[in-house]
Structure formats: structure tokens, C-alpha cells
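Source file: structure.cif (mmCIF, C-alpha atoms and all ligand atoms)
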```cif
data_query
#
loop_
_atom_site.label_atom_id
_atom_site.label_comp_id
_atom_site.auth_asym_id
_atom_site.auth_seq_id
_atom_site.Cartn_x
_atom_site.Cartn_y
_atom_site.Cartn_z
CA MET A 1 -25.18 87.25 -191.58
CA PRO A 2 -26.21 90.01 -189.15
CA HIS A 3 -22.69 90.53 -187.76
CA ASP A 4 -19.58 90.79 -189.83
CA VAL A 5 -17.46 88.12 -188.17
CA THR A 6 -16.79 85.79 -191.10
CA ASP A 7 -14.89 86.03 -194.33
CA ARG A 8 -17.60 84.57 -196.52
CA ASN A 9 -21.31 84.34 -197.07
CA ARG A 10 -22.11 80.75 -196.42
CA THR A 11 -24.60 78.76 -198.47
CA ARG A 12 -27.06 76.33 -196.96
CA THR A 13 -25.23 73.51 -198.70
CA GLN A 14 -21.99 74.53 -197.00
CA VAL A 15 -23.73 74.47 -193.62
CA ALA A 16 -25.14 71.03 -194.38
CA ASP A 17 -21.72 69.81 -195.55
CA LEU A 18 -20.21 70.81 -192.22
CA TYR A 19 -22.93 69.72 -189.83
CA PHE A 20 -25.45 67.34 -191.42
CA MET A 21 -24.00 63.96 -190.38
CA GLU A 22 -23.58 65.04 -186.77
CA HIS A 23 -27.16 66.27 -186.53
CA ARG A 24 -28.56 63.28 -188.39
CA ALA A 25 -27.03 61.15 -185.63
CA LYS A 26 -28.41 63.43 -182.90
CA THR A 27 -31.91 63.25 -184.43
CA LEU A 28 -31.75 59.46 -184.41
CA ASP A 29 -30.63 59.56 -180.77
CA VAL A 30 -33.71 61.62 -179.87
CA ALA A 31 -35.98 59.26 -181.83
CA ALA A 32 -34.53 56.18 -180.14
CA PHE A 33 -34.76 57.88 -176.73
CA LEU A 34 -38.48 58.59 -177.21
CA ASP A 35 -39.05 54.98 -178.34
CA ARG A 36 -37.17 53.73 -175.25
CA HIS A 37 -39.22 56.00 -172.99
CA ASP A 38 -42.51 54.88 -174.57
CA ARG A 39 -41.63 51.18 -174.24
CA ALA A 40 -41.11 51.60 -170.50
CA ALA A 41 -43.86 51.31 -167.88
CA GLY A 42 -45.67 54.14 -166.10
CA ASP A 43 -46.91 57.63 -166.90
CA GLU A 44 -45.37 60.13 -169.25
CA ASP A 45 -42.43 61.89 -167.58
CA PHE A 46 -43.04 65.68 -167.45
CA ARG A 47 -39.60 66.36 -168.90
CA VAL A 48 -40.29 64.12 -171.86
CA ALA A 49 -43.67 65.76 -172.41
CA GLN A 50 -41.82 69.05 -172.70
CA LEU A 51 -39.30 67.51 -175.09
CA ARG A 52 -42.19 66.52 -177.39
CA GLN A 53 -43.36 70.16 -177.40
CA ALA A 54 -39.78 71.19 -178.19
CA ALA A 55 -39.75 68.77 -181.11
CA ALA A 56 -42.77 70.55 -182.56
CA ILE A 57 -40.79 73.81 -182.54
CA LEU A 58 -38.12 72.15 -184.69
CA THR A 59 -40.51 71.76 -187.60
CA ASP A 60 -42.67 74.88 -187.37
CA GLY A 61 -40.58 76.70 -189.97
CA LYS A 62 -40.03 79.78 -187.80
CA PRO A 63 -36.61 81.21 -186.72
CA ASP A 64 -35.01 81.35 -183.25
CA ARG A 65 -35.73 77.69 -182.52
CA ALA A 66 -33.04 77.34 -179.84
CA LYS A 67 -34.24 80.46 -178.04
CA ARG A 68 -37.88 79.37 -178.19
CA ILE A 69 -37.11 75.88 -176.91
CA LEU A 70 -35.13 77.35 -174.01
CA GLU A 71 -38.06 79.65 -173.22
CA LEU A 72 -40.49 76.73 -173.38
CA MET A 73 -38.36 74.86 -170.83
CA SER A 74 -38.02 77.88 -168.49
CA ASP A 75 -39.83 78.91 -165.34
CA PRO A 76 -42.05 81.76 -166.63
CA THR A 77 -42.81 83.24 -163.19
CA LEU A 78 -41.26 86.52 -162.07
CA GLU A 79 -41.27 86.52 -158.26
CA PRO A 80 -38.52 84.93 -156.15
CA ILE A 81 -39.62 81.72 -154.40
CA ALA A 82 -39.95 81.65 -150.61
CA ARG A 83 -37.26 79.03 -150.00
CA ALA A 84 -34.77 77.01 -152.05
CA GLY A 85 -35.86 73.46 -151.17
CA SER A 86 -33.13 71.80 -153.23
CA LYS A 87 -30.06 72.92 -155.13
CA GLY A 88 -30.69 71.09 -158.39
CA ALA A 89 -32.55 71.79 -161.63
CA THR A 90 -34.28 69.23 -163.88
CA GLY A 91 -33.98 70.83 -167.31
CA ALA A 92 -37.71 71.18 -167.84
CA TYR A 93 -40.31 73.34 -166.16
CA ALA A 94 -43.51 72.16 -164.53
CA PRO A 95 -45.31 74.05 -161.76
CA THR A 96 -44.59 71.05 -159.53
CA THR A 97 -40.97 70.67 -160.62
CA THR A 98 -39.60 71.23 -157.15
CA GLU A 99 -41.68 68.44 -155.64
CA ARG A 100 -40.86 66.02 -158.41
CA ALA A 101 -37.15 66.73 -158.56
CA LYS A 102 -35.75 65.31 -155.38
CA PRO A 103 -31.98 65.63 -155.81
CA MET B 1 -3.00 81.23 -180.35
CA ARG B 2 -2.82 83.09 -177.03
CA TYR B 3 -6.05 83.01 -175.08
CA ILE B 4 -7.57 83.80 -171.69
CA ASP B 5 -9.98 81.44 -169.94
CA PRO B 6 -11.85 83.97 -167.80
CA HIS B 7 -13.91 81.47 -165.79
CA ILE B 8 -12.41 78.19 -164.64
CA HIS B 9 -12.22 76.49 -161.23
CA MET B 10 -8.62 75.37 -161.17
CA VAL B 11 -8.79 74.17 -157.54
CA SER B 12 -10.82 71.27 -159.01
CA ARG B 13 -8.42 70.55 -161.87
CA THR B 14 -5.17 68.63 -162.11
CA THR B 15 -1.68 69.87 -162.84
CA ASP B 16 -1.94 68.03 -166.17
CA ASP B 17 -4.83 70.35 -167.05
CA TYR B 18 -2.60 73.38 -166.43
CA ARG B 19 -0.01 71.80 -168.72
CA HIS B 20 -2.50 71.08 -171.50
CA MET B 21 -3.96 74.59 -171.24
CA ALA B 22 -0.49 76.13 -171.45
CA LEU B 23 0.28 73.99 -174.50
CA ALA B 24 -2.97 75.19 -176.11
CA GLY B 25 -1.93 78.84 -175.61
CA CYS B 26 -3.60 79.82 -172.33
CA VAL B 27 -1.80 82.80 -170.79
CA ALA B 28 -4.22 83.73 -168.01
CA VAL B 29 -7.17 82.33 -166.08
CA THR B 30 -9.62 83.95 -163.70
CA GLU B 31 -11.19 81.75 -161.04
CA PRO B 32 -14.43 82.74 -159.31
CA ALA B 33 -15.24 81.38 -155.85
CA PHE B 34 -17.93 78.69 -156.13
CA TRP B 35 -19.66 75.71 -154.53
CA ALA B 36 -17.35 72.80 -153.71
CA GLY B 37 -20.02 70.14 -154.36
CA PHE B 38 -20.87 70.05 -150.65
CA ASP B 39 -21.82 72.73 -148.14
CA ARG B 40 -18.97 74.01 -145.97
CA SER B 41 -19.64 73.48 -142.28
CA SER B 42 -18.26 76.84 -141.10
CA PRO B 43 -17.13 80.26 -142.34
CA GLN B 44 -13.61 79.05 -141.56
CA GLY B 45 -13.99 76.66 -144.48
CA PHE B 46 -14.37 79.68 -146.75
CA TYR B 47 -11.43 81.43 -145.12
CA ASP B 48 -9.23 78.49 -146.09
CA TYR B 49 -10.75 78.42 -149.61
CA PHE B 50 -10.00 82.15 -150.06
CA ARG B 51 -6.38 81.47 -149.01
CA GLN B 52 -6.21 78.68 -151.58
CA LEU B 53 -7.52 81.04 -154.29
CA THR B 54 -5.19 83.91 -153.40
CA GLU B 55 -2.01 82.07 -152.35
CA THR B 56 -1.78 78.47 -153.56
CA GLU B 57 -3.48 78.55 -156.95
CA PRO B 58 -1.44 81.46 -158.39
CA ARG B 59 1.70 79.44 -157.63
CA ARG B 60 0.38 76.32 -159.38
CA ALA B 61 -0.54 78.40 -162.43
CA ALA B 62 2.76 80.27 -162.51
CA ALA B 63 4.61 76.96 -162.74
CA HIS B 64 3.05 76.65 -166.22
CA GLY B 65 3.54 80.26 -167.27
CA ILE B 66 -0.15 81.04 -166.67
CA LYS B 67 -1.25 84.12 -164.72
CA HIS B 68 -3.94 83.35 -162.15
CA PHE B 69 -6.57 85.85 -161.00
CA THR B 70 -9.55 85.29 -158.74
CA TRP B 71 -12.94 86.54 -157.55
CA LEU B 72 -14.26 86.17 -154.01
CA CYS B 73 -17.79 85.71 -152.64
CA ILE B 74 -20.21 83.27 -151.10
CA ASN B 75 -21.82 81.39 -153.98
CA PRO B 76 -25.63 81.31 -154.34
CA LYS B 77 -25.88 77.57 -153.59
CA GLU B 78 -24.71 78.28 -150.03
CA ALA B 79 -26.70 81.50 -149.64
CA GLU B 80 -29.96 80.01 -148.39
CA ASP B 81 -28.83 80.53 -144.77
CA PRO B 82 -28.42 84.33 -144.59
CA VAL B 83 -26.79 84.39 -141.14
CA PHE B 84 -24.10 81.97 -142.28
CA ALA B 85 -23.70 83.78 -145.61
CA ARG B 86 -23.19 87.15 -143.91
CA GLU B 87 -20.46 85.69 -141.69
CA VAL B 88 -18.66 84.60 -144.87
CA ILE B 89 -19.16 88.00 -146.53
CA ALA B 90 -17.55 89.63 -143.49
CA LEU B 91 -14.33 87.70 -144.24
CA ILE B 92 -13.98 89.00 -147.80
CA PRO B 93 -12.66 92.57 -147.28
CA ASP B 94 -9.48 91.19 -145.66
CA PHE B 95 -8.66 89.42 -148.93
CA LEU B 96 -9.49 92.24 -151.36
CA ASP B 97 -5.95 93.63 -151.22
CA LYS B 98 -4.36 90.37 -152.38
CA PRO B 99 -2.58 90.97 -155.69
CA ASN B 100 -4.62 88.51 -157.81
CA VAL B 101 -8.14 89.54 -156.68
CA LEU B 102 -10.18 91.18 -159.45
CA GLY B 103 -13.56 91.53 -157.79
CA ILE B 104 -16.64 89.90 -156.30
CA GLY B 105 -17.88 86.68 -157.92
CA GLU B 106 -19.39 84.46 -158.91
CA ILE B 107 -22.36 85.89 -157.09
CA GLY B 108 -25.89 85.40 -158.42
CA LEU B 109 -28.85 83.10 -157.96
CA ASN B 110 -29.38 79.34 -158.01
CA LYS B 111 -33.06 78.55 -157.27
CA ASN B 112 -34.18 82.21 -157.36
CA SER B 113 -35.17 82.29 -153.69
CA CYS B 114 -35.71 85.34 -151.47
CA ASN B 115 -32.66 84.55 -149.32
CA GLU B 116 -30.42 84.08 -152.35
CA LEU B 117 -31.61 87.42 -153.68
CA SER B 118 -30.94 89.24 -150.43
CA ILE B 119 -27.39 87.82 -150.22
CA LEU B 120 -26.88 88.81 -153.86
CA GLU B 121 -27.90 92.38 -152.99
CA ASP B 122 -25.48 92.41 -150.04
CA GLN B 123 -22.63 91.34 -152.29
CA ILE B 124 -23.49 93.90 -154.99
CA ALA B 125 -23.28 96.49 -152.20
CA LEU B 126 -19.94 95.01 -151.08
CA ALA B 127 -18.56 95.40 -154.61
CA ASP B 128 -19.83 98.97 -154.68
CA ARG B 129 -18.23 99.88 -151.33
CA HIS B 130 -14.85 98.51 -152.40
CA ASN B 131 -15.07 99.57 -156.06
CA GLN B 132 -14.74 95.99 -157.31
CA LEU B 133 -15.67 94.39 -160.65
CA ILE B 134 -18.59 91.94 -160.51
CA LEU B 135 -18.82 88.46 -162.04
CA VAL B 136 -22.30 86.92 -161.94
CA HIS B 137 -23.41 83.28 -162.13
CA THR B 138 -26.87 82.75 -163.64
CA PRO B 139 -28.97 79.74 -162.60
CA HIS B 140 -29.13 76.40 -164.35
CA LEU B 141 -31.60 75.15 -166.93
CA GLU B 142 -35.25 76.01 -166.23
CA ASP B 143 -34.24 78.58 -163.60
CA LYS B 144 -31.91 80.60 -165.85
CA LEU B 145 -34.36 82.91 -167.62
CA LYS B 146 -36.13 84.02 -164.45
CA GLY B 147 -32.84 84.27 -162.53
CA THR B 148 -31.17 86.38 -165.20
CA ARG B 149 -34.08 88.83 -165.10
CA LEU B 150 -34.00 89.03 -161.29
CA ILE B 151 -30.21 89.56 -161.32
CA ILE B 152 -30.31 92.35 -163.92
CA ASP B 153 -33.04 94.07 -161.90
CA ALA B 154 -31.05 93.72 -158.65
CA ILE B 155 -27.94 95.26 -160.24
CA ARG B 156 -29.99 98.11 -161.72
CA ARG B 157 -31.54 98.85 -158.32
CA ASN B 158 -28.04 99.73 -157.10
CA THR B 159 -27.67 102.82 -159.25
CA ARG B 160 -24.04 103.33 -158.20
CA ILE B 161 -22.97 100.21 -160.12
CA ASP B 162 -21.65 100.86 -163.63
CA PRO B 163 -23.15 98.09 -165.83
CA GLY B 164 -19.95 98.11 -167.90
CA ARG B 165 -18.13 96.70 -164.83
CA VAL B 166 -20.50 93.71 -164.53
CA LEU B 167 -20.23 90.44 -166.43
CA ILE B 168 -23.26 88.13 -166.45
CA ASP B 169 -22.06 84.61 -167.11
CA HIS B 170 -23.57 81.44 -168.58
CA VAL B 171 -25.80 83.27 -171.08
CA GLU B 172 -27.65 81.31 -173.76
CA GLU B 173 -29.88 82.24 -176.69
CA HIS B 174 -32.77 83.25 -174.42
CA THR B 175 -30.77 85.51 -172.07
CA VAL B 176 -27.93 87.08 -174.07
CA ARG B 177 -30.01 89.91 -175.53
CA ALA B 178 -31.27 91.14 -172.14
CA VAL B 179 -27.72 91.20 -170.72
CA LEU B 180 -26.24 93.14 -173.64
CA ASP B 181 -29.19 95.53 -173.76
CA ALA B 182 -28.61 96.29 -170.06
CA GLY B 183 -25.09 97.49 -170.97
CA MET B 184 -23.45 94.59 -169.15
CA TRP B 185 -20.94 92.06 -170.47
CA ALA B 186 -22.03 88.51 -171.37
CA GLY B 187 -20.13 85.27 -170.78
CA MET B 188 -20.83 82.04 -172.67
CA THR B 189 -19.92 78.82 -170.91
CA LEU B 190 -19.15 75.79 -173.02
CA TYR B 191 -20.29 72.58 -171.35
CA PRO B 192 -20.78 69.13 -172.85
CA ASP B 193 -24.42 68.67 -171.66
CA SER B 194 -25.75 72.02 -170.50
CA LYS B 195 -25.25 75.73 -171.09
CA CYS B 196 -23.64 76.36 -174.54
CA THR B 197 -21.76 74.24 -177.04
CA ALA B 198 -18.96 75.58 -179.23
CA GLN B 199 -21.31 75.57 -182.24
CA ARG B 200 -24.04 77.51 -180.45
CA ALA B 201 -21.51 79.99 -179.05
CA ALA B 202 -20.30 80.67 -182.60
CA ASP B 203 -23.94 81.07 -183.68
CA ILE B 204 -24.58 83.58 -180.89
CA ILE B 205 -21.54 85.61 -181.98
CA GLU B 206 -22.87 85.63 -185.56
CA VAL B 207 -26.33 86.75 -184.47
CA TYR B 208 -25.57 89.08 -181.53
CA GLY B 209 -22.07 90.26 -182.47
CA ASN B 210 -18.69 90.04 -180.76
CA GLU B 211 -18.84 93.16 -178.59
CA ARG B 212 -18.93 92.82 -174.77
CA ILE B 213 -18.96 89.01 -174.98
CA TRP B 214 -16.48 86.30 -174.02
CA ILE B 215 -16.32 82.52 -173.81
CA ASN B 216 -15.10 80.33 -170.99
CA SER B 217 -14.86 76.68 -169.98
CA ALA B 218 -16.14 77.06 -166.41
CA GLY B 219 -14.14 73.87 -165.92
CA ASP B 220 -14.76 72.43 -162.47
CA TRP B 221 -15.21 69.07 -160.70
CA GLY B 222 -18.25 68.25 -162.90
CA HIS B 223 -18.60 67.30 -166.57
CA SER B 224 -16.58 70.08 -168.21
CA ASP B 225 -13.60 70.64 -170.49
CA PRO B 226 -10.63 72.85 -169.55
CA LEU B 227 -9.77 73.15 -173.27
CA ALA B 228 -13.23 74.43 -174.24
CA VAL B 229 -11.98 77.90 -175.24
CA PRO B 230 -9.38 76.78 -177.83
CA LYS B 231 -11.89 74.21 -179.11
CA ALA B 232 -14.46 76.97 -179.63
CA ALA B 233 -11.81 78.97 -181.48
CA LEU B 234 -11.32 75.95 -183.74
CA GLU B 235 -15.07 75.80 -184.36
CA MET B 236 -15.16 79.49 -185.30
CA ARG B 237 -12.14 79.03 -187.57
CA ARG B 238 -13.61 76.06 -189.46
CA ARG B 239 -16.75 77.98 -190.29
CA GLY B 240 -14.81 80.98 -191.54
CA HIS B 241 -14.76 83.47 -188.68
CA LEU B 242 -12.07 86.09 -189.14
CA GLU B 243 -8.93 85.61 -187.03
CA ALA B 244 -9.42 89.11 -185.63
CA SER B 245 -12.93 88.20 -184.47
CA ILE B 246 -11.71 84.96 -182.86
CA GLN B 247 -8.99 86.86 -181.04
CA ASN B 248 -11.57 89.43 -180.01
CA VAL B 249 -13.70 86.96 -178.05
CA THR B 250 -10.88 84.75 -176.74
CA PHE B 251 -8.36 87.42 -175.75
CA ASP B 252 -9.12 91.11 -176.45
CA ASN B 253 -12.57 91.21 -174.84
CA PRO B 254 -11.53 89.44 -171.61
CA GLN B 255 -8.50 91.73 -171.45
CA LYS B 256 -10.70 94.79 -171.91
CA PHE B 257 -13.24 93.84 -169.25
CA LEU B 258 -10.75 92.48 -166.73
CA GLY B 259 -8.33 95.35 -167.42
CA GLN B 260 -10.80 97.63 -165.68
CA SER B 261 -9.14 96.28 -162.55
CA PRO B 262 -5.62 97.72 -162.15
CA ARG B 263 -4.56 94.26 -160.88
CA PHE B 264 -5.16 92.55 -164.23
CA LYS B 265 -1.85 92.64 -166.06
CA ILE B 266 -0.50 90.07 -168.50
CA ASP B 267 2.81 90.13 -170.31
CA GLU B 268 2.48 91.35 -173.88
ZN ZN C 301 -18.25 78.87 -162.15
#
```
Let's see the structure in the file written out as C-alpha cells.
Ligand SMILES: [Zn+2]
Amino acid sequence: MPHDVTDRNRTRTQVADLYFMEHRAKTLDVAAFLDRHDRAAGDEDFRVAQLRQAAAILTDGKPDRAKRILELMSDPTLEPIARAGSKGATGAYAPTTTERAKP
Amino acid sequence: MRYIDPHIHMVSRTTDDYRHMALAGCVAVTEPAFWAGFDRSSPQGFYDYFRQLTETEPRRAAAHGIKHFTWLCINPKEAEDPVFAREVIALIPDFLDKPNVLGIGEIGLNKNSCNELSILEDQIALADRHNQLILVHTPHLEDKLKGTRLIIDAIRRNTRIDPGRVLIDHVEEHTVRAVLDAGMWAGMTLYPDSKCTAQRAADIIEVYGNERIWINSAGDWGHSDPLAVPKAALEMRRRGHLEASIQNVTFDNPQKFLGQSPRFKIDE
């Protein structure tokens, strides 16, 4: 562990013992959510499209998955916008987010 | 355990919450000024809110043995009208001598707009003029990464501000490194659906260390949990974090940062 904050070196089995059931359930929730979305009418929602890209990060075998998913779902631009049209955020980024996300 | 919740909006919480927090070991809270869920119709609305934060809320907290401190500002969600925002900023100096005021906050950005940024710069300058600590709110969700970068740059542009007297709140995995590398303090907010969870906060401490970092509930009128700090301590404990490290992030670090204000005193 990079920082010395714990009293033991944990094994992967110990991590699974603590957290597996909870994350098994969360994975099933995501699967059922995508099924529910796909059964519904209309076009793909831009937020769900981004969630599918996030799901690919889960299985790419590389580290920093949480950080990379947050970056994927972030506005990558650097300049302040001219006006704040709304107060809310949608949780996913699309260049047209502000038009789509009427609060 | 004794702990400090350094970011919680007690004006939005019940007396039962104070009681439960006291039972869980909370000895002090700090409450930044924020958005009420609707826009105030006049600067006078803020004047009354500042009185609530500096007069009423400390009394409610004291009834449960909890010390109450506060931060004053106009929040970024109401900063899109700069004329209005500057009228509110003009009210703040009159309150800076109140005994529970620690600094200016939570200032920051919401949608990363030009007006928000210019009001942020005004309030950084206000903190500088009055030698106040700064507590910063970073934007939500897809706006956080960009907003955190803009905020760090804005603070650095004011070269008179000591980064060690600035806390950037609501960091997550994609923003914590930049904040710590800038020499500022980082706050992790534990929310049920957004920001951090207790598990991810413990992960961040394992990966980025427990220096210049704290955790808070940011409990408010939305989906939030006033007991988030002791619950995070429980999470750290069950995965084997040392008691000294848990105390570091839940008590010692807040005390160290906040103690830079002579007003922040808690009974030992
Ligand atoms: Zn807040």
C-alpha cells in the first residue's frame, strides 16, 4: 500500500471477503438498469452512452479506474463559459449537455 | 471517538441531528455559507442568514456540547448576477469580527462561468484583505474537473494567498492530486449518490496519504448524512487503518487547518 495507514498488508481474498457481495449486487443493478433502458422507447440517452464507455474501463485491466471514469464523464474544456444557463449538472458530459439538461 | 465535522449546513438540519452527532462524538462543526435551494430576493436575505450563522446556530450547537464555527460568502450558485453578488460581499466585513467566524467560504464555482469566476476572484481578494482562511466549494459532477483547475489557477493568481490557508472541498479521485500538489488542503465529502463514499474516501487516503486531507458530511437539505464522518471512521477501522491515522483525518487535520484562525478553539 503506498501510504502507511493500515496495520496489515491485505490480500486480494481479504478485500473480496469484505466487499464482494456488495459489489456483486451493484453490478447486477447496473446490468438491470441497462436492460431497462434498452427496453424503453426512443434514442440512446447520452448519459447512458457514457455509462457504457465507463463499463469498458472496468474490464480493461488497467489501474485508476475510478479516476479514469470520472475524467471520461468530465467537461474537458478549459475556458470559463459565457453564462451559467442553469444551476444543475447531469453527471455525464456531452458538448450539448447544457441544452439537454433543463433543470 | 471525538471528531470534527468541518463542513456541514446545520441551518438545514434538525435538533435531533445535533443530538445524534453529539452521541457519535462530534465536538465541533464548521458551517460554510451556501445556497438555500432557492435564490434570495435581496442582499437583506443574506444579512439575515449571516446573523443566523453567527448568532443562532452557535447557540443550538452549544446546547449539545458542540462548538459551532462558520464561514461567510456569497455562494457560486447565486454569483451569476455580479451586481447583486457584490452588494452581498459588501455586507461581509461587518460580520468578520463575530467570535465564531473562521474565514470566507464556501466560495468557488458552480457552472464555471465568467461571472462566477469574477465573484470568486473578488472573494479571494476579500479574504486576503482581512487575512481570512478560505474554504472552497468545487462544482458538481461533470463540471468538477474543469472547475477545480480554474479555482486553483484563480487562487495562484493572487500571489499574496498562502496555499496552506486554503482548503479545496469535495475532491474526488480525479482532483485530489492537483489540490495537494498545489500545496492546498483537500476535503472529501461523503454523499450517498455523488461526490465520495466512505469506501472511496478510505481508498484515497491509502493512495494519496493522510496529510492535508479531511473528511466531512456536507450535510444539508439534500440527500446527505450528518453521521457520515463517524461512519467513514468505521469503514477505515474495519479495513485495518491505524487508530492514529483515523484520528488524523477526523480530528487532528481539521484542528490543524482550522487552528490557523485564532478563533478556532476547542476544549481539550
Ligand atoms: Zn457545502
Residues of chain B within 8 Å of chain A, counting only C-alpha atoms, as an MDAnalysis selection string: chainID B and resid 77 80 110:115 117 140:146 150 172:174 205:210 239:242 245
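Coordinates place CA of Pro58 (chain B) at a distance of 13.9 Å from CA of Ser12 (chain B).
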Env. residues ligand ZN 301 (chain C) / 12 Å / only C-alpha atoms and all ligand atoms / as a ChimeraX atom specification: /B:5-12,30-37,70-73,75-77,105-108,110,135-140,168-170,187-191,195,216-222,224
Atom pair CA of Asp81 (chain B) / CA of Asp39 (chain B): separation (Å): 11.0 Å
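For the atom pair formed by CA of Glu268 (chain B) and CA of Thr250 (chain B), the distance is 15.2 Å, given to one decimal.
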Asp97 (chain B) environment, 12 Å, all atoms listed in the file, sequence neighbours closer than 5 positions dropped, as a PyMOL selection string: chain B and resi 54+70-72+92+102-103+130-132+262-263
Centre and edge lengths, as lines of an AutoDock Vina configuration file, for the axis-aligned box enclosing every listed atom of region 21-40 of chain A with 8 Å of padding on each of the six sides, in Å to one decimal?
```
center_x = -33.0
center_y = 58.7
center_z = -180.4
size_x = 34.9
size_y = 31.1
size_z = 35.9
```
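Using only C-alpha atoms, the smallest distance between any of B:Phe251, B:Phe257, B:Tyr49, B:Phe95 and Tyr3 (chain B) comes from B:Phe251.
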